[in-house]
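Structure below is structure25.cif: mmCIF, C-alpha atoms.
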```cif
data_upload
#
loop_
_atom_site.label_atom_id
_atom_site.label_comp_id
_atom_site.auth_asym_id
_atom_site.auth_seq_id
_atom_site.Cartn_x
_atom_site.Cartn_y
_atom_site.Cartn_z
CA VAL A 174 264.45 31.05 118.17
CA GLN A 175 261.39 31.04 120.31
CA GLN A 176 259.00 33.90 119.74
CA TYR A 177 256.68 34.88 122.50
CA GLN A 178 253.42 36.75 121.83
CA GLU A 179 252.83 39.44 124.35
CA PHE A 180 249.41 39.34 125.92
CA PRO A 181 248.07 42.22 128.00
CA ASP A 182 247.92 41.85 131.69
CA GLN A 183 244.82 40.02 132.88
CA ASN A 184 243.67 42.94 134.98
CA GLN A 185 244.06 45.36 132.06
CA PHE A 186 242.14 43.00 129.81
CA HIS A 187 239.23 42.83 132.25
CA ASP A 188 239.28 46.61 132.64
CA ARG A 189 238.97 47.09 128.87
CA ILE A 190 236.10 44.61 128.68
CA HIS A 191 234.37 46.38 131.53
CA SER A 192 234.81 49.84 129.96
CA VAL A 193 233.43 48.64 126.60
CA ARG A 194 230.48 47.08 128.35
CA GLU A 195 229.78 50.28 130.31
CA THR A 196 229.98 52.34 127.11
CA PHE A 197 227.52 50.07 125.32
CA VAL A 198 225.15 50.01 128.27
CA GLY A 199 225.38 53.83 128.65
CA ILE A 200 224.02 54.47 125.14
CA ILE A 201 220.57 53.16 126.06
CA PRO A 202 219.97 55.66 128.93
CA LEU A 203 221.26 58.43 126.66
CA LEU A 204 218.75 57.52 123.97
CA GLN A 205 216.04 57.31 126.61
CA ARG A 206 216.87 60.82 127.81
CA VAL A 207 216.85 62.17 124.23
CA VAL A 208 213.44 60.61 123.54
CA PHE A 209 212.09 61.84 126.90
CA TYR A 210 213.18 65.44 126.37
CA PHE A 211 211.92 65.38 122.77
CA VAL A 212 208.48 64.20 123.87
CA LEU A 213 208.44 66.69 126.74
CA GLY A 214 209.44 69.58 124.47
CA SER A 215 206.83 68.62 121.87
CA PHE A 216 204.16 68.41 124.57
CA LEU A 217 205.06 71.83 126.02
CA LEU A 218 205.18 73.44 122.55
CA THR A 219 201.81 71.98 121.56
CA THR A 220 200.26 73.02 124.87
CA SER A 221 201.61 76.56 124.52
CA VAL A 222 200.23 76.91 120.99
CA LEU A 223 196.82 75.61 122.06
CA PHE A 224 196.66 77.95 125.06
CA TYR A 225 197.77 80.90 122.92
CA GLY A 226 195.09 80.15 120.34
CA PHE A 227 192.45 79.71 123.05
CA PHE A 228 193.20 83.02 124.77
CA TYR A 229 193.57 84.76 121.39
CA LEU A 230 190.05 83.70 120.43
CA ILE A 231 188.72 84.90 123.78
CA VAL A 232 190.53 88.23 124.01
CA MET A 233 190.82 89.32 120.37
CA PRO A 234 187.63 90.29 118.51
CA SER A 235 186.55 87.95 115.75
CA HIS A 236 186.30 89.22 112.18
CA ALA A 237 182.96 88.90 110.44
CA ALA A 238 184.30 90.10 107.08
CA THR A 239 187.58 91.24 105.56
CA GLU A 240 187.58 92.94 102.17
CA GLN A 241 190.28 94.51 100.01
CA LEU A 242 189.93 98.16 99.04
CA TYR A 243 190.63 99.22 95.45
CA PHE A 244 190.51 102.99 95.02
CA ASP A 245 189.35 104.42 91.72
CA TYR A 246 191.34 107.46 90.57
CA THR A 247 189.83 107.60 87.06
CA CYS A 248 186.65 109.58 87.82
CA SER A 249 184.59 106.81 86.29
CA GLU A 250 180.80 106.80 86.30
CA ILE A 251 180.68 104.41 89.25
CA ASN A 252 183.15 106.55 91.18
CA THR A 253 181.13 109.71 90.56
CA LEU A 254 177.93 107.94 91.64
CA ASP A 255 179.51 106.80 94.89
CA VAL A 256 180.84 110.28 95.63
CA CYS A 257 177.41 111.76 95.00
CA ASN A 258 175.95 109.30 97.47
CA VAL A 259 178.44 110.46 100.08
CA THR A 260 178.59 114.22 99.41
CA SER A 261 176.13 116.89 98.38
CA MET A 262 174.83 117.15 94.83
CA ASP A 263 176.52 120.53 94.26
CA GLN A 264 179.91 119.16 95.22
CA CYS A 265 179.55 115.92 93.26
CA GLN A 266 179.39 117.85 90.00
CA THR A 267 182.96 119.09 90.38
CA SER A 268 184.50 116.69 92.91
CA CYS A 269 186.18 113.46 91.93
CA SER A 270 187.88 111.96 94.93
CA PRO A 271 189.47 108.51 95.10
CA THR A 272 186.70 106.12 96.07
CA ALA A 273 186.54 102.45 96.96
CA THR A 274 183.26 100.54 97.13
CA VAL A 275 182.87 97.23 98.93
CA ASP A 276 179.95 94.86 98.57
CA ILE A 277 180.17 92.44 101.49
CA PHE A 278 177.53 90.21 99.84
CA ALA A 279 179.62 89.67 96.71
CA ARG A 280 182.28 87.02 96.23
CA HIS A 281 184.12 89.08 93.60
CA SER A 282 185.95 92.34 94.22
CA ASN A 283 185.39 95.59 92.34
CA TRP A 284 184.65 94.50 88.81
CA ASP A 285 181.45 94.64 86.82
CA ALA A 286 179.90 92.24 84.32
CA TYR A 287 178.15 93.32 81.14
CA ILE A 288 176.47 89.99 80.46
CA GLU A 289 174.75 87.47 82.71
CA ASN A 290 176.24 84.40 84.38
CA ILE A 291 179.71 85.88 84.71
CA GLN A 292 179.60 87.10 88.28
CA PRO A 293 179.56 84.37 90.95
CA ALA A 294 176.56 83.89 93.19
CA PRO A 295 176.51 86.17 96.26
CA LYS A 296 177.47 84.92 99.68
CA SER A 297 173.99 85.66 100.98
CA GLU A 298 170.72 87.08 99.70
CA LYS A 299 169.58 88.61 103.00
CA ARG A 300 172.42 89.62 105.31
CA ILE A 301 176.00 88.87 106.32
CA LEU A 302 176.02 90.44 109.78
CA LYS A 303 173.98 89.25 112.73
CA VAL A 304 171.00 91.33 113.86
CA ARG A 305 171.53 93.39 117.03
CA GLN A 306 175.18 92.38 117.17
CA HIS A 307 177.73 95.12 117.87
CA TYR A 308 180.48 95.47 115.28
CA PHE A 309 183.55 97.58 114.66
CA LEU A 310 184.81 98.73 111.25
CA GLU A 311 188.49 99.43 110.68
CA LEU A 312 190.47 100.53 107.65
CA LYS A 313 194.09 99.81 106.85
CA LEU A 314 195.53 102.09 104.19
CA GLN A 315 198.92 101.52 102.60
CA LEU A 316 200.45 104.88 101.71
CA PRO A 317 203.68 105.20 99.70
CA GLU A 318 206.34 107.43 101.20
CA SER A 319 206.08 109.84 98.28
CA ASN A 320 206.72 113.56 98.36
CA ILE A 321 203.04 114.21 97.58
CA ASN A 322 201.84 112.31 100.66
CA LYS A 323 204.44 113.95 102.87
CA GLU A 324 203.61 117.46 101.60
CA LEU A 325 199.85 116.83 101.63
CA GLY A 326 199.73 116.22 105.36
CA MET A 327 196.29 115.52 106.75
CA PHE A 328 193.54 114.12 104.58
CA GLY A 329 189.96 113.09 105.24
CA VAL A 330 188.53 109.58 105.13
CA THR A 331 184.74 109.35 104.73
CA ILE A 332 183.11 105.97 105.30
CA GLU A 333 179.43 105.56 104.48
CA LEU A 334 177.41 102.41 105.17
CA GLN A 335 174.61 101.60 102.75
CA THR A 336 171.90 99.00 102.28
CA LYS A 337 171.22 96.95 99.16
CA ASP A 338 169.27 99.80 97.52
CA ARG A 339 172.02 102.32 98.39
CA LYS A 340 170.18 103.81 101.34
CA ALA A 341 172.67 105.41 103.71
CA VAL A 342 172.40 104.12 107.27
CA ALA A 343 175.55 105.57 108.88
CA LYS A 344 178.48 107.82 108.07
CA SER A 345 181.88 108.35 109.64
CA VAL A 346 184.47 111.04 108.90
CA ARG A 347 188.05 110.55 110.08
CA SER A 348 191.34 112.33 109.54
CA ALA A 349 194.61 110.60 108.81
CA ARG A 350 198.08 111.23 107.49
CA ILE A 351 201.26 109.34 106.72
CA PRO A 352 203.20 108.84 110.00
CA HIS A 353 205.61 111.69 110.62
CA GLU A 354 209.29 110.80 110.54
CA SER A 355 212.35 113.03 110.60
CA ASP A 356 214.83 112.79 107.77
CA TRP A 357 217.66 111.21 109.75
CA ILE A 358 215.38 108.61 111.38
CA GLY A 359 213.97 107.76 107.95
CA ASN A 360 217.45 107.38 106.50
CA VAL A 361 218.56 105.12 109.38
CA ARG A 362 215.44 102.98 109.03
CA LYS A 363 215.86 102.62 105.28
CA PHE A 364 219.57 101.84 105.67
CA THR A 365 218.68 99.10 108.17
CA LEU A 366 216.15 97.64 105.73
CA LEU A 367 218.30 98.26 102.68
CA ALA A 368 218.63 94.61 101.60
CA PRO A 369 214.87 93.79 101.71
CA LEU A 370 214.11 97.06 99.93
CA ILE A 371 216.59 96.34 97.13
CA VAL A 372 215.30 92.82 96.43
CA GLY A 373 211.67 93.99 96.61
CA ALA A 374 210.69 92.10 99.75
CA LEU A 375 209.62 95.44 101.31
CA THR A 376 208.22 98.60 99.78
CA GLU A 377 208.73 102.22 100.76
CA SER A 378 205.26 102.56 102.23
CA ARG A 379 203.58 102.97 105.58
CA THR A 380 200.36 101.43 106.90
CA VAL A 381 197.79 103.77 108.46
CA ILE A 382 194.99 102.31 110.58
CA VAL A 383 191.74 104.29 110.58
CA PRO A 384 189.11 103.25 113.16
CA ALA A 385 185.87 104.04 111.35
CA PHE A 386 183.06 102.70 113.55
CA ARG A 387 182.74 101.27 117.03
CA HIS A 388 179.62 99.49 118.31
CA PHE A 389 177.77 99.63 115.02
CA VAL A 390 174.57 97.58 115.45
CA GLU A 391 173.15 95.64 112.53
CA HIS A 392 169.53 96.68 111.91
CA LYS A 393 166.84 94.11 111.30
CA ASP A 394 165.17 96.01 108.44
CA PHE A 395 168.24 97.66 106.91
CA PRO A 396 171.03 95.07 106.54
CA LEU A 397 174.44 96.45 105.69
CA GLN A 398 175.70 95.55 102.20
CA HIS A 399 177.67 98.40 100.61
CA ILE A 400 180.53 100.36 102.17
CA VAL A 401 181.85 103.43 100.35
CA VAL A 402 185.25 104.84 101.34
CA THR A 403 186.20 108.27 99.97
CA LEU A 404 189.53 110.06 100.39
CA GLU A 405 189.35 113.84 100.61
CA SER A 406 192.43 116.05 100.37
CA GLN A 407 190.52 119.35 100.29
CA GLY A 408 190.93 121.91 103.00
CA SER A 409 193.73 124.21 104.03
CA SER A 410 196.40 122.18 102.26
CA TRP A 411 198.29 124.07 99.56
CA ARG A 412 197.89 121.01 97.33
CA SER A 413 194.20 120.47 97.93
CA ASP A 414 193.65 119.60 94.26
CA VAL A 415 196.09 116.66 94.44
CA PRO A 416 194.58 113.44 95.82
CA VAL A 417 196.37 111.38 98.43
CA GLU A 418 198.23 108.41 96.99
CA VAL A 419 197.12 105.01 98.29
CA ILE A 420 198.61 101.74 97.07
CA GLY A 421 195.93 99.55 98.61
CA GLY A 422 193.77 99.04 101.62
CA GLN A 423 191.78 96.59 103.67
CA LEU A 424 188.44 96.83 105.40
CA SER A 425 187.81 94.70 108.48
CA ILE A 426 184.47 94.16 110.19
CA GLY A 427 184.56 92.40 113.54
CA LYS A 428 182.45 91.69 116.58
CA GLU A 429 182.86 93.89 119.61
#
```
Show me, as structure tokens, the structure contained in the file I just sent.
Amino acid sequence: VQQYQEFPDQNQFHDRIHSVRETFVGIIPLLQRVVFYFVLGSFLLTTSVLFYGFFYLIVMPSHAATEQLYFDYTCSEINTLDVCNVTSMDQCQTSCSPTATVDIFARHSNWDAYIENIQPAPKSEKRILKVRQHYFLELKLQLPESNINKELGMFGVTIELQTKDRKAVAKSVRSARIPHESDWIGNVRKFTLLAPLIVGALTESRTVIVPAFRHFVEHKDFPLQHIVVTLESQGSSWRSDVPVEVIGGQLSIGKE
């Protein structure tokens, strides 16, 4: 019995060879396109970031100093001294308001040493700010959404600028309060952020920005070193004896 092996038609065979060859050759242009678009995208992204950073540095004011604020609620001796420097002597005998003191010369933040060689060397011995340069001072206060803060309403923020020997050179008094929010809007917002709140990624607090000074000019003979921030809840509030609750804060000094 003769067995015959079936071979494909010659035209079909050439067509298959041609299709395989076209498929193999077509991979190279595809890879070239992928590499081209990858390089182009990387170039555009890098250029956009560089332009954004360039215009940000031009438009946005630069920060000369940024310090954390730690408010003292304990009526300590240092707190009482700072309040007396800000308020009158008659009031400082009975008043004990939350106070935060910032030393822009110091590398450490709000702690005192009782023996030598514990505190680090200061950033500068003469001045941090540039003479005759205009600066702005801005506070960011983080207020918990507590019933006390909501019922307290408006509170005063006193910012006093002092030299190395505690000589007052400028003073600013501002009013602030926790942002008003109706109950149903607050409930919707908290429901939207329920997952981050439960895991602790967010806290039930609001940030209040207090513009303290604009166009403050550094004096040649009286360089700024100490900044005293005092929170006052006295006034017409029915809970004037209860201080405002602040979790933390930040002081920013920048060029105008």
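Each of A:Gln241, A:Thr365, A:Ser297, A:Thr219 was compared to Val275 (chain A) using all atoms listed in the file, and A:Gln241 turns out to be the nearest.
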List the spatial neighbours of region 424-429 of chain A as a VMD selection string - criterion: any atom at most 7 Å away, all atoms listed in the file, same-chain residues fewer than 6 positions off excluded. chain A and resid 234 to 242 307 to 313 388
May I have the residues within 8 Å of Ile351 (chain A) as a PDB file with C-alpha atoms, keeping the file's coordinate frame, using only C-alpha atoms and disregarding those fewer than 4 positions away in the same chain?
```pdb
ATOM      1  CA  LEU A 316     200.450 104.880 101.710  1.00  0.00           C
ATOM      2  CA  GLU A 318     206.340 107.430 101.200  1.00  0.00           C
ATOM      3  CA  ASN A 322     201.840 112.310 100.660  1.00  0.00           C
ATOM      4  CA  LYS A 323     204.440 113.950 102.870  1.00  0.00           C
ATOM      5  CA  GLY A 326     199.730 116.220 105.360  1.00  0.00           C
ATOM      6  CA  MET A 327     196.290 115.520 106.750  1.00  0.00           C
ATOM      7  CA  ARG A 379     203.580 102.970 105.580  1.00  0.00           C
ATOM      8  CA  THR A 380     200.360 101.430 106.900  1.00  0.00           C
ATOM      9  CA  VAL A 381     197.790 103.770 108.460  1.00  0.00           C
TER      10      VAL A 381
END
```
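Computed from the coordinates, the CA of Cys269 (chain A) to CA of Ser406 (chain A) distance equals 10.8 Å.
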Evaluate the PyMOL selection byres ((chain A and resi 345-348) around 10) on the structure here and hand back the selected residues as a count of residues only. 21
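Residues surrounding Arg339 (chain A) within 10 Å are Asp255, Asn258, Leu334, Gln335, Thr336, Lys337, Ala341, Val342, Leu397, Gln398, His399 and Ile400 of chain A [all atoms listed in the file; sequence separation below 2 positions excluded].
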